[in-house]
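Participant: Pasting a structure below so you can have a look.
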Amino acid sequence: MKKTLLFTLLAVASVTASWAQKMPYQDPTLPVDQRVDDLMQRLTLEEKTKLMMNSSPAIPRLGIPQFDWWSEALHGVGRNGLATVFPSCIGMACSFDDDLIERIYVAVSDEARAKNTQQRREGKPIARYQALSFWTPNINIFRDPRWGRGQETYGEDPFMNARMGLRVVRGLQGTQIANSKYFKLHACAKHFAVHSGPEKTRHFFNIEDLPARDLWETYLPAFKTLVQEGNVQQVMCAYQRFEGDPCCGSNRLLQQILRDEWGFKGLVVSDCGAIDDFYKPMRHEVSADSAAASAKAVLSGTDVECGRSYRSLPQAVRRGDISEEQINVSVRRLLKGRFELGNFDADSLVEWTNIPTSVISSKEHRDLARQMGREQMVLLKNNGILPLQLERAGERLLVMGPNAADSTMLWGIYFGTPAHTVTPLEGIEARLGHVPFVQACDITSMTVEQKAIGKSTETADGSTTLQMKTTGTKTYTIAEILQSAREAETIIFVGGISPNLEKEQAKVSVPGFDGGDRTSIELPQVQRDILRALHEAGKKIVFVNCSGSAVALAPEMETCDAIVQAWYAGEQGGHALADVLFGDYNPSGKLAVTFYKDDSQLPPFDEYKMANRTYRFFQGEPLFPFGFGLSYTTFNVTNEKLNVKSDGSVEVTAIVKNTGKREGTEIVQVYLRRPGDVGGPLKTLRGYARVNLQPGEQQTVTIDLPRERFEWWDAQSNTMRVLPGKYEVLVGTSSADKDLKALTVNI
C-alpha cells in the first residue's frame, strides 16, 4: 500500500512539473474559464478575428490547432467520406420513435468522433466537414410542403420538432453520458428564427407583420426547448430579415429572446454568407460595407461567421464601429466551446477519442438504418393487395418507375458516402430473385438517360463507387410502357420526386420545381399519366412515393391499389421497402406533415402567418391528416381516462388492443385544444407513445402531460404561459377528429 501511494505521489508530482513548463491555458487541470482568461490575454486582435470565422487557421505561436466550425450530420456524417446514411429527417419523424432517433445520433456521433480522431492521428489537417461542430438539427417548422428543405426538419408540429430535436442533441453531444468532462460533439439548432422558404428570396426577404402569437406559439418553442432542456451548444441564425433586421443582426432575436430571456450561453453561428447579405447590393442592404456588417452582427450576438466578412473586424475596430472588448465577448464563447470539446487537450484525457474507426459504416449502424427505414414508411392506402403474396400461382410482378433503381435518391440531401446503397429494385430482388424492370420515365419527363455500369472501384476511405456513363437517351411512349407490362399482373411503381429537385437552392427549373422549392405539390404529370394508363389496362398497382415532402395524390387514390410513402429512406431503403411490401415488417409510420388534396388548399408560399396552415390551423379536409398511417392489422383504443396529479400534471391512460391477425405497432397520440380560443390552434400535439402488440394482445398505455405542456398563448400578457381553465385532451390514432376521443380537464 505504501509503495502504491509513493508511485501515485511521484506521478502527480511529475504531471504537475510538466504543466508548470506550459502556459496556464494548456493545463487541463484548470477550470475552463481560467484557461480562457489566460489565452485571451495572449491573442492579438487579428488572431481573435481569425478564430471567429468557420475555417479557423492554426496559430502556431500559441499552439492553437486548426479548427473548422462547419460539419454536417443531418442524417449521418455528411460530406466526409464513408459513413452510414440514415433516412431523411422528415421520414424519421414519421416513426414517432424518439428512442431510435437518439440511438441513431449516438451512432452518427460515434462515426464523427472516430473520423476526427483518425484524421488527427494521421497528422492530417482538420478541414471543413472534419471537425467536432455539427450544424444540425434543423428544427424549423415545415409550414408549407413546397419548401425544398422541409425534409431536413421533423415536421410541421412544434412539439414534435422539440422532442425529436432534443434526442438529436443528446445523441450528438454525448450528454446522455453522466459526468463526462468533455462534449462528444457540438450540435446546432437552426435556423433561428422564422425560416422555411422560399429559398430563392431568402437573401433579401423580410418577414414583417407576423402576429406575436405565431412567433411564440409556432416558430420559437422548439428552439426554446433545445436551449433550456437540451443545453444545445450552438444556434445558427437564419438568412432573412425579421421585422427589418437580418436574423444574424437582430438584437431582439439574439440578445433579448435567446440570451436574456432563455439564458443561452453558447455560440451563435451565422448561416453561410449571411453577413455578406447585410451590405451586398440587391440583398438586405442594411449596412454600408463589410466592416459595418461584421460589427453589427457581433454586437447583436453572432459569434462565429460562416464566410469571410469577419476579416474586416480589425478595420471596424479602428474606425470605431465596435470595440475590441465587445469582440472579446464572442471570442470567449468560442474558446470555451473548443476547450469543452477537448480541442486543446491530449487524446488520453478525452474519452471520446477511444471510439474505434470500426464503428464507421458498421453492421450495427447499417442495421439501425434498416430499422429506421422500416419504421418511417407510412402506408397511406391498401385495398388488401399488401403485403404481397407472390406464392399465388400465376402472379407476375414488374418493377417500374424513375426511383426504383436510383441509389442517390435514397440519400436525400447533406449526405455521406455509404459503403453500398440498396435500391428499391435491389431490395425486391434480394427477396425474390430476378424481377423485370422498366424505368418508363424520368421524374418529370418521358425521356430518360440510358446508363451503362462499369467496374466498381474502391476509394481511399473504403467506400465503393460504380462507374456510370451515359450512353444516350430513350423516350418512352405510353404504348411502349403498356407493351412492356403486358405479362405483368402487379406493378410496383417506385416514383415520386427527387432530392435533386427539392433541396437547398437547387439550380433547376422544370415543371413543378424552381430553385430548390416546389411550385406545385401535385405528382408530376408524366407519372400520373402512366399510372392511369396501367390502371385502365387492368394492372394492380402498388405505388411507392419517394419524396421529402407531402405530395398531392388524390388521382392516385383512384388508380392505385396501395400507396406507400417511403420518403428518402437511406442506404438500406431498398431492404426496408421490401420488408414492408412482403410483410416481413408491419408498417407503423404516421405522417409528420399534412398531405393536402391539391395546390388550391395552400396559402401563398411566402405568407408566414399560420392561418389555415398545417393540421393545427387548417380549416379544410386534407387527403391524409397529420398522424395518419395504416397497418396490416387493426387496433382498438378504449377506456381513455385522465388523472390530475397533485403537482398539476395530467396522466392520460388508454387501453390499446390489437384486434387483427398480425403483430403490429400502434402510435397513440394526445392533442390539446382550448375551447373558445378564437385564433388558437384547432388542436396541437402534446404527447405520443408507441405500443407493440401481438394479435389479440392489449396493453394500458400511459402518457404523462407535465404542467408545462399546458402552456398556451396569453393575449393579455403577450406570452406563453400555463393558462388556468378548461382544456380538451384528445386521445387517438391520428389528428383527425374521427380518430380522437375528447376528455375535459380543468387546469
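Starting from 1 in every chain, residues are counted up; chains themselves are A, B, ... following the order of the C-alpha cells, and ligands are numbered from 1 as listed.
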Can I get the residues of stretch 205-285 of chain A within 12 Å of stretch 58-78 of chain A, each with the closest pair of atoms and their distance in Å to one decimal, using only C-alpha atoms, sorted chain first then ascending number, as JSON lines?

Facilitator:
```
{"residue": "A:Gln234", "atom": "CA", "partner": "A:Trp69", "partner_atom": "CA", "distance": 10.3}
{"residue": "A:Met236", "atom": "CA", "partner": "A:Trp70", "partner_atom": "CA", "distance": 11.1}
{"residue": "A:Leu267", "atom": "CA", "partner": "A:Trp69", "partner_atom": "CA", "distance": 10.7}
{"residue": "A:Val268", "atom": "CA", "partner": "A:Trp69", "partner_atom": "CA", "distance": 11.2}
{"residue": "A:Val269", "atom": "CA", "partner": "A:Trp69", "partner_atom": "CA", "distance": 8.7}
{"residue": "A:Ser270", "atom": "CA", "partner": "A:Trp70", "partner_atom": "CA", "distance": 10.5}
{"residue": "A:Asp271", "atom": "CA", "partner": "A:Trp70", "partner_atom": "CA", "distance": 10.0}
{"residue": "A:Cys272", "atom": "CA", "partner": "A:Trp70", "partner_atom": "CA", "distance": 9.4}
```

Participant: When you look at A:Thr447 with a cut-off of 7 Å (counting only C-alpha atoms), what residues show up, excluding the ones that are within fewer than 3 positions of it in the same chain? I need them as a list in words.

Facilitator: Cys441, Asp442, Thr473, Lys474, Thr475 and Tyr476 of chain A

Participant: Can you write just those residues out, C-alpha atoms, as a tab-separated table (two decimals), in the first residue's frame?

Facilitator:
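Output contents, as saved in out37.tsv:
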```
chain	number	residue	atom	x	y	z
A	441	CYS	CA	-39.90	7.78	-67.30
A	442	ASP	CA	-37.78	10.31	-65.51
A	473	THR	CA	-31.32	8.80	-74.07
A	474	LYS	CA	-34.57	7.00	-74.63
A	475	THR	CA	-38.03	8.50	-74.88
A	476	TYR	CA	-40.82	6.15	-73.86
```

Participant: Could you pull out the residues in stretch 416-659 of chain A that DSSP calls alpha helix (DSSP H) from the backbone, as a PyMOL selection string?

Facilitator: chain A and resi 424-432+478-484+525-536+554-559+573-581+614-617

Participant: Excluding same-chain residues fewer than 4 positions from A:Ala222, what lies within 12 Å of it counting only C-alpha atoms, as a count of residues only?

Facilitator: 36

Participant: So, counting only C-alpha atoms, which residue among A:Arg103, A:Asp514, A:Val304, A:Asn403 is closest to A:Gly197?

Facilitator: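 Among the listed residues, the smallest separation from A:Gly197 belongs to A:Asp514.
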
Participant: What lies within 12 Å of A:Gln694 using only C-alpha atoms, ignoring chain neighbours under 3 positions off, as number ranges by chain?

Facilitator: A: 586, 633-635, 656-666, 691, 697-699

Participant: Check the smallest atom-to-atom distance from each of A:Thr477, A:Lys590, A:His434, A:Asn639 to A:Val448 using only C-alpha atoms, then report the winner.

Facilitator: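 Comparing A:Thr477, A:Lys590, A:His434, A:Asn639 against A:Val448, the winner is A:Thr477.
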
Participant: I'd like to know which of A:Asp110, A:Met52, A:Arg690, A:Gln565 is closest to A:Arg333, using only C-alpha atoms.

Facilitator: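 Between A:Asp110, A:Met52, A:Arg690, A:Gln565, the residue approaching A:Arg333 most closely is A:Met52.
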
Participant: Using only C-alpha atoms, determine which residues lie at most 8 Å from A:Val670, disregarding the query and same-chain residues fewer than 4 positions distant; provide the list as a ChimeraX atom specification.

Facilitator: /A:685-688,703,729-732

Participant: Tell me, as a list of chain:residue names, which residues lie within 7 Å of A:Asp606, counting only C-alpha atoms; anything in the same chain fewer than 2 positions away does not count.

Facilitator: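 Near A:Asp606, the qualifying residues are A:Pro198, A:Pro604, A:Tyr608.
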
Participant: Just list as a list in words whatever in stretch 38-68 of chain A DSSP marks as strand (DSSP E).

Facilitator: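 Across stretch 38-68 of chain A, those assigned strand (DSSP E) are Ser55, Ser56, Phe67 and Asp68 of chain A.
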
Participant: Go through A:Leu388, A:Ala288, A:Ser196, A:Val169 one by one, measure the shortest atom-to-atom distance of each to A:Asn231 using only C-alpha atoms, and give the residue with the smallest value.

Facilitator: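 Once distances to A:Asn231 are computed over only C-alpha atoms, the minimum belongs to A:Val169.
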
Participant: Just the number, please: distance in Å from atom CA of A:Pro418 to atom CA of A:Val85, one decimal.

Facilitator: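 That distance, rounded to one decimal, is 6.0 Å.
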